[in-house]
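Containing PDB, C-alpha atoms: my_file.pdb.
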ATOM      1  CA  MET A   1      91.891 139.956 122.632
ATOM      2  CA  ALA A   2      88.790 139.350 124.743
ATOM      3  CA  MET A   3      88.234 136.054 122.943
ATOM      4  CA  VAL A   4      91.872 135.037 123.422
ATOM      5  CA  PHE A   5      91.726 135.787 127.136
ATOM      6  CA  ALA A   6      88.366 133.985 127.481
ATOM      7  CA  TYR A   7      89.872 130.887 125.871
ATOM      8  CA  SER A   8      92.982 131.186 128.060
ATOM      9  CA  ALA A   9      90.812 131.377 131.183
ATOM     10  CA  SER A  10      88.825 128.310 130.140
ATOM     11  CA  VAL A  11      91.893 126.099 129.679
ATOM     12  CA  GLN A  12      93.271 127.057 133.107
ATOM     13  CA  LEU A  13      90.616 125.098 134.958
ATOM     14  CA  ASN A  14      92.584 121.840 134.829
ATOM     15  CA  ASP A  15      95.859 123.370 136.062
ATOM     16  CA  PRO A  16      97.067 122.904 139.627
ATOM     17  CA  ASP A  17      97.520 126.688 140.008
ATOM     18  CA  TRP A  18      94.282 127.692 138.267
ATOM     19  CA  TYR A  19      93.429 130.056 141.140
ATOM     20  CA  LEU A  20      96.235 132.367 139.951
ATOM     21  CA  TRP A  21      95.725 132.249 136.201
ATOM     22  CA  PHE A  22      91.955 131.944 135.791
ATOM     23  CA  PRO A  23      91.205 135.280 137.526
ATOM     24  CA  LEU A  24      93.975 137.019 135.565
ATOM     25  CA  TYR A  25      92.678 135.910 132.180
ATOM     26  CA  ALA A  26      89.017 136.369 133.157
ATOM     27  CA  CYS A  27      89.681 139.940 134.305
ATOM     28  CA  ALA A  28      91.667 140.690 131.142
ATOM     29  CA  CYS A  29      88.774 139.332 129.100
ATOM     30  CA  ALA A  30      86.285 141.529 130.961
ATOM     31  CA  VAL A  31      88.403 144.664 130.520
ATOM     32  CA  ASN A  32      88.807 143.979 126.800
ATOM     33  CA  LEU A  33      85.066 143.398 126.433
ATOM     34  CA  VAL A  34      84.109 146.691 128.063
ATOM     35  CA  ASN A  35      87.061 148.784 126.922
ATOM     36  CA  TRP A  36      84.631 151.477 125.779
ATOM     37  CA  ALA A  37      83.692 152.018 129.447
ATOM     38  CA  ILE A  38      87.206 152.811 130.682
ATOM     39  CA  THR A  39      87.226 156.455 131.707
ATOM     40  CA  SER A  40      89.048 158.171 134.517
ATOM     41  CA  GLU A  41      86.009 157.893 136.830
ATOM     42  CA  THR A  42      84.892 154.301 136.300
ATOM     43  CA  ILE A  43      85.414 151.163 138.320
ATOM     44  CA  ILE A  44      86.541 149.319 135.184
ATOM     45  CA  ARG A  45      89.642 151.547 135.077
ATOM     46  CA  GLN A  46      90.507 150.433 138.604
ATOM     47  CA  PHE A  47      89.799 146.865 137.527
ATOM     48  CA  ALA A  48      92.224 147.305 134.586
ATOM     49  CA  LYS A  49      94.905 148.685 136.914
ATOM     50  CA  LEU A  50      94.471 145.757 139.297
ATOM     51  CA  THR A  51      94.669 143.305 136.389
ATOM     52  CA  LEU A  52      97.830 145.032 135.174
ATOM     53  CA  TRP A  53      99.521 144.693 138.562
ATOM     54  CA  VAL A  54      98.453 141.069 139.032
ATOM     55  CA  GLY A  55      99.851 140.379 135.545
ATOM     56  CA  VAL A  56     103.151 142.035 136.499
ATOM     57  CA  PHE A  57     103.329 139.986 139.701
ATOM     58  CA  LEU A  58     102.660 136.709 137.892
ATOM     59  CA  PHE A  59     105.097 137.610 135.105
ATOM     60  CA  ILE A  60     107.871 138.196 137.655
ATOM     61  CA  LYS A  61     106.935 134.970 139.461
ATOM     62  CA  VAL A  62     107.158 132.900 136.280
ATOM     63  CA  VAL A  63     110.398 134.547 135.084
ATOM     64  CA  ILE A  64     112.050 133.862 138.446
ATOM     65  CA  GLU A  65     110.728 130.293 138.387
ATOM     66  CA  GLY A  66     112.066 129.732 134.866
ATOM     67  CA  LEU A  67     115.463 131.247 135.598
ATOM     68  CA  GLY A  68     115.721 129.451 138.954
ATOM     69  CA  SER A  69     115.018 126.041 137.484
ATOM     70  CA  GLY A  70     117.113 126.712 134.398
ATOM     71  CA  THR A  71     114.299 125.612 132.093
ATOM     72  CA  ALA A  72     113.626 128.902 130.336
ATOM     73  CA  GLY A  73     115.410 132.208 130.032
ATOM     74  CA  LEU A  74     113.770 135.604 129.883
ATOM     75  CA  TRP A  75     113.608 135.694 126.068
ATOM     76  CA  CYS A  76     112.792 132.009 125.560
ATOM     77  CA  LEU A  77     109.712 131.437 123.362
ATOM     78  CA  ASP A  78     109.676 127.634 123.436
ATOM     79  CA  LEU A  79     105.969 127.024 124.000
ATOM     80  CA  SER A  80     106.565 123.408 124.919
ATOM     81  CA  LYS A  81     107.495 124.623 128.421
ATOM     82  CA  ARG A  82     104.825 125.585 130.943
ATOM     83  CA  VAL A  83     106.765 128.555 132.319
ATOM     84  CA  VAL A  84     107.132 130.016 128.836
ATOM     85  CA  ARG A  85     103.395 129.693 128.138
ATOM     86  CA  GLU A  86     102.590 131.356 131.476
ATOM     87  CA  LYS A  87     105.191 134.077 130.909
ATOM     88  CA  THR A  88     103.804 134.795 127.454
ATOM     89  CA  GLY A  89     100.217 134.879 128.724
ATOM     90  CA  SER A  90     100.966 137.253 131.573
ATOM     91  CA  GLY A  91     103.010 139.434 129.219
ATOM     92  CA  LEU A  92     100.045 139.667 126.849
ATOM     93  CA  VAL A  93      97.813 140.731 129.739
ATOM     94  CA  ILE A  94     100.323 143.390 130.827
ATOM     95  CA  ILE A  95     100.619 144.870 127.342
ATOM     96  CA  SER A  96      96.859 144.789 126.755
ATOM     97  CA  MET A  97      96.061 146.518 130.062
ATOM     98  CA  PHE A  98      98.819 149.090 129.487
ATOM     99  CA  LEU A  99      97.386 149.954 126.081
ATOM    100  CA  HIS A 100      93.838 150.240 127.450
ATOM    101  CA  LEU A 101      94.912 152.466 130.316
ATOM    102  CA  ASN A 102      96.903 154.774 128.023
ATOM    103  CA  ASP A 103      94.272 155.095 125.321
ATOM    104  CA  PRO A 104      93.409 158.796 124.918
ATOM    105  CA  GLN A 105      89.874 157.841 123.903
ATOM    106  CA  ASN A 106      89.352 156.411 127.399
ATOM    107  CA  SER A 107      90.124 159.680 129.152
ATOM    108  CA  ARG A 108      87.959 162.761 129.390
ATOM    109  CA  LYS A 109      91.027 164.956 129.793
ATOM    110  CA  ARG A 110      93.913 164.516 127.398
ATOM    111  CA  LYS A 111      97.019 164.085 129.473
ATOM    112  CA  LYS A 112     100.563 164.511 128.238
ATOM    113  CA  ASN A 113     101.465 160.895 129.050
ATOM    114  CA  LYS A 114      98.727 159.427 126.845
ATOM    115  CA  PHE A 115      99.654 157.834 123.545
ATOM    116  CA  PRO A 116      98.157 158.962 120.257
ATOM    117  CA  ARG A 117      95.095 156.842 119.415
ATOM    118  CA  GLU A 118      96.895 155.276 116.433
ATOM    119  CA  TYR A 119      99.611 153.855 118.702
ATOM    120  CA  VAL A 120      97.002 152.086 120.801
ATOM    121  CA  GLU A 121      95.196 150.702 117.741
ATOM    122  CA  TYR A 122      98.416 149.497 116.104
ATOM    123  CA  GLY A 123      99.640 148.110 119.426
ATOM    124  CA  MET A 124      96.494 146.035 119.864
ATOM    125  CA  ALA A 125      96.688 144.832 116.254
ATOM    126  CA  MET A 126     100.312 143.755 116.767
ATOM    127  CA  LEU A 127      99.324 142.053 120.016
ATOM    128  CA  VAL A 128      96.621 140.032 118.258
ATOM    129  CA  PHE A 129      99.017 139.170 115.416
ATOM    130  CA  PHE A 130     101.650 137.988 117.904
ATOM    131  CA  THR A 131      99.053 136.021 119.900
ATOM    132  CA  PHE A 132      98.008 133.997 116.865
ATOM    133  CA  GLY A 133     101.359 134.039 115.052
ATOM    134  CA  LEU A 134     103.594 132.611 117.783
ATOM    135  CA  PRO A 135     101.644 129.362 118.290
ATOM    136  CA  PHE A 136     101.265 128.961 114.528
ATOM    137  CA  VAL A 137     105.017 129.269 114.008
ATOM    138  CA  PHE A 138     105.802 127.003 116.961
ATOM    139  CA  PHE A 139     103.301 124.217 116.311
ATOM    140  CA  VAL A 140     102.855 124.262 112.522
ATOM    141  CA  VAL A 141     106.154 125.514 111.155
ATOM    142  CA  GLY A 142     108.398 124.216 113.925
ATOM    143  CA  ASN A 143     106.473 120.986 114.632
ATOM    144  CA  GLY A 144     106.590 121.755 118.359
ATOM    145  CA  GLU A 145     105.034 119.610 121.054
ATOM    146  CA  ILE A 146     103.743 120.584 124.463
ATOM    147  CA  LYS A 147     105.637 118.794 127.195
ATOM    148  CA  PHE A 148     103.875 118.392 130.506
ATOM    149  CA  ASP A 149     105.906 118.541 133.666
ATOM    150  CA  GLU A 150     104.795 117.808 137.217
ATOM    151  CA  LYS A 151     102.812 121.075 137.378
ATOM    152  CA  GLY A 152     100.882 120.520 134.127
TER     153      GLY A 152
END
Rewritten as structure tokens:
Amino acid sequence: MAMVFAYSASVQLNDPDWYLWFPLYACACAVNLVNWAITSETIIRQFAKLTLWVGVFLFIKVVIEGLGSGTAGLWCLDLSKRVVREKTGSGLVIISMFLHLNDPQNSRKRKKNKFPREYVEYGMAMLVFFTFGLPFVFFVVGNGEIKFDEKG
């Protein structure tokens, strides 16, 4: 996932609202790179929490924007639309940060609200599969095309 978020950050530099999306993806990349350092006492845990909340904020922003303009509903996965790509990206960040923060391996004390380690591993594997599978299905199987609107 670190590689996916690094790539996502790099392609944000030509967007008009890069200042929102580049930091989100760059922070998600950093957290995924140093996931072994997330313990209850470290700064990276606070960094992961901040990234989670920024992801939630941007997800809500994009969902409201898509519903308000009528271009994309909440469950729309048409990657030809900018709001859907941004919604999907912020959703991936949210899920990734949630899994990292609830990983029992990243906590010195096992808390009752932590997931079993297998759930986190399978969750990350499914996240990677979805990340590569959705564009493949959209662009290769469905012959989709990216449509650029006034915001890129």
Q) For this file, the PyMOL selection byres ((chain A and resi 60-74) around 12) selects which residues, as a list in words? A) Leu20, Trp21, Trp53, Val54, Gly55, Val56, Phe57, Leu58, Phe59, Trp75, Cys76, Leu77, Asp78, Leu79, Ser80, Lys81, Arg82, Val83, Val84, Arg85, Glu86, Lys87, Thr88, Gly89, Ser90, Gly91, Ile94 and Asp149 of chain A
With the file shown as input, list the residues that the PyMOL selection byres ((chain A and resi 128-132) around 10) selects, as a PDB file with C-alpha atoms, keeping the file's coordinate frame.
ATOM      1  CA  MET A   1      91.891 139.956 122.632  1.00  0.00           C
ATOM      2  CA  VAL A   4      91.872 135.037 123.422  1.00  0.00           C
ATOM      3  CA  THR A  88     103.804 134.795 127.454  1.00  0.00           C
ATOM      4  CA  GLY A  89     100.217 134.879 128.724  1.00  0.00           C
ATOM      5  CA  LEU A  92     100.045 139.667 126.849  1.00  0.00           C
ATOM      6  CA  SER A  96      96.859 144.789 126.755  1.00  0.00           C
ATOM      7  CA  TYR A 122      98.416 149.497 116.104  1.00  0.00           C
ATOM      8  CA  GLY A 123      99.640 148.110 119.426  1.00  0.00           C
ATOM      9  CA  MET A 124      96.494 146.035 119.864  1.00  0.00           C
ATOM     10  CA  ALA A 125      96.688 144.832 116.254  1.00  0.00           C
ATOM     11  CA  MET A 126     100.312 143.755 116.767  1.00  0.00           C
ATOM     12  CA  LEU A 127      99.324 142.053 120.016  1.00  0.00           C
ATOM     13  CA  GLY A 133     101.359 134.039 115.052  1.00  0.00           C
ATOM     14  CA  LEU A 134     103.594 132.611 117.783  1.00  0.00           C
ATOM     15  CA  PRO A 135     101.644 129.362 118.290  1.00  0.00           C
ATOM     16  CA  PHE A 136     101.265 128.961 114.528  1.00  0.00           C
ATOM     17  CA  VAL A 137     105.017 129.269 114.008  1.00  0.00           C
TER      18      VAL A 137
END
Q: Could you tell me which residues the PyMOL selection byres ((chain A and resi 25-29) around 6) grabs in this file, written as JSON, numbers by chain?
A: {"A": [2, 5, 6, 9, 22, 23, 24, 30, 31, 32]}
Could you please take those selected residues and save C-alpha atoms as an mmCIF file, keeping the file's coordinate frame?
data_model
loop_
_atom_site.group_PDB
_atom_site.id
_atom_site.type_symbol
_atom_site.label_atom_id
_atom_site.label_comp_id
_atom_site.auth_asym_id
_atom_site.auth_seq_id
_atom_site.Cartn_x
_atom_site.Cartn_y
_atom_site.Cartn_z
ATOM 1 C CA ALA A 2 88.790 139.350 124.743
ATOM 2 C CA PHE A 5 91.726 135.787 127.136
ATOM 3 C CA ALA A 6 88.366 133.985 127.481
ATOM 4 C CA ALA A 9 90.812 131.377 131.183
ATOM 5 C CA PHE A 22 91.955 131.944 135.791
ATOM 6 C CA PRO A 23 91.205 135.280 137.526
ATOM 7 C CA LEU A 24 93.975 137.019 135.565
ATOM 8 C CA ALA A 30 86.285 141.529 130.961
ATOM 9 C CA VAL A 31 88.403 144.664 130.520
ATOM 10 C CA ASN A 32 88.807 143.979 126.800
#
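Coordinates place atom CA of A:Ser8 at a distance of 27.2 Å from atom CA of A:Gln105.
Counting from atom CA of A:Asn102, the distance to atom CA of A:Val11 is 29.2 Å.
The gap separating atom CA of A:Phe47 from atom CA of A:Ile95 is 15.0 Å, in Å to one decimal.
Residue neighbourhood of A:Phe98, excluding near-sequence residues (fewer than 5 positions): Ala48, Lys49, Leu52, Val93 and Asp103 of chain A, at 9 Å, using only C-alpha atoms.
Proximity of A:Tyr19, A:His100, A:Val140, A:Val120 to A:Ile44, computed with only C-alpha atoms, is greatest for A:His100.
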